[in-house]
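Read through the structure below, which is laid out as structure tokens, and then see the notes.
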Amino acid sequence: ALNLLVWERAGVDHAAIFAFASPLTSVQDVFSATSLATTLYLCNLLLYYKLLRGVAGPLQALPPHLLPVVLLAYSLYRLVFPWAQRQEMWRIIAQVVVAPLGAVGFKEVFFADTMTSFNKVSYEAVLGGCYLFRGGFIADHATTGSAAASSSLYHEMCGPTSVAQKYIAPLVIAFPLWLRLLQCLKRYYLTARRVPPLPNAFKCGISLSVRLRDD
């Protein structure tokens, strides 16, 4: 929302730069959607905390371990709907994922470059998904509720020796760098220009090797 507001105030035609047929949403629509998502996230977090503390009043009967699932379901829903606004995003994602076979226009490069900055987010998403889909949140709720028991359960399911943290997380983090590297090489192939495709490819290659080595 802030990006769109700055671009609009500065007279930047982002729809033309990203080769959109027309702006998908207005600044007001984006701000409203992000405000709603932020409010729901905050309410979910506060209610979860109060349920665990036993001070949720008439809502105490709600199972706290289901609140993160509700939040995840809402997030997944918003990734797809409304489809008229999300269709272009998924088309761009498809073009990025099939690199170097996909398009390498400005919006595809912009999206891939943005994803390379989400290392921490990707890492936490993998661990959260591990704990969720392995049923850790349910087993955790069934324990005594002590911090020690919860920590032990988490390390058993998704700790440093787990498949999720040893193999899946490094691959998920490295994948955007790999796609960006392939995009740079395709740009060089199409344009025959060494700069900036080759320096960018070198940067992505170094980042990729460091990431895989560290993890």
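Residue names in the structure tokens use chain letters A, B, ... in the order shown, residue numbers from 1 in each chain, and ligand numbers from 1 in the order shown.
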Next on the checklist: Please list as a list of chain:residue names every residue within 10 Å of Cys130 in chain A, counting only C-alpha atoms and excluding residues in the same chain fewer than 3 positions away.
Outcome noted: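 Returned residues: A:Glu124, A:Ala125, A:Val126, A:Leu127, A:Phe133, A:Arg134, A:Gly135, A:Gly136, A:Tyr154, A:Met157, A:Cys158, A:Gly159, A:Ser162, A:Val163, A:Ala164, A:Gln165, A:Ile168.
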Item to check | range 92-97 of chain A environment, 12 Å, only C-alpha atoms, sequence neighbours closer than 3 positions dropped, as a PyMOL selection string | outcome: chain A and resi 18-20+79+86-89+100-115+175-184+186
Checklist entry - Excluding same-chain residues fewer than 4 positions from Leu67 in chain A, what lies within 12 Å of it counting only C-alpha atoms, as a list in words? => result Leu40, Tyr41, Leu42, Cys43, Asn44, Leu45, Leu46, Leu47, Tyr48, Tyr49, Lys50, Leu51, Leu52, Leu62, Pro63, Leu71, Leu72, Ala73, Tyr74, Leu132, Phe137, Ile138 and His141 of chain A
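Rounded to one decimal, CA of Ile17 in chain A and CA of Gln85 in chain A lie 17.7 Å from each other.
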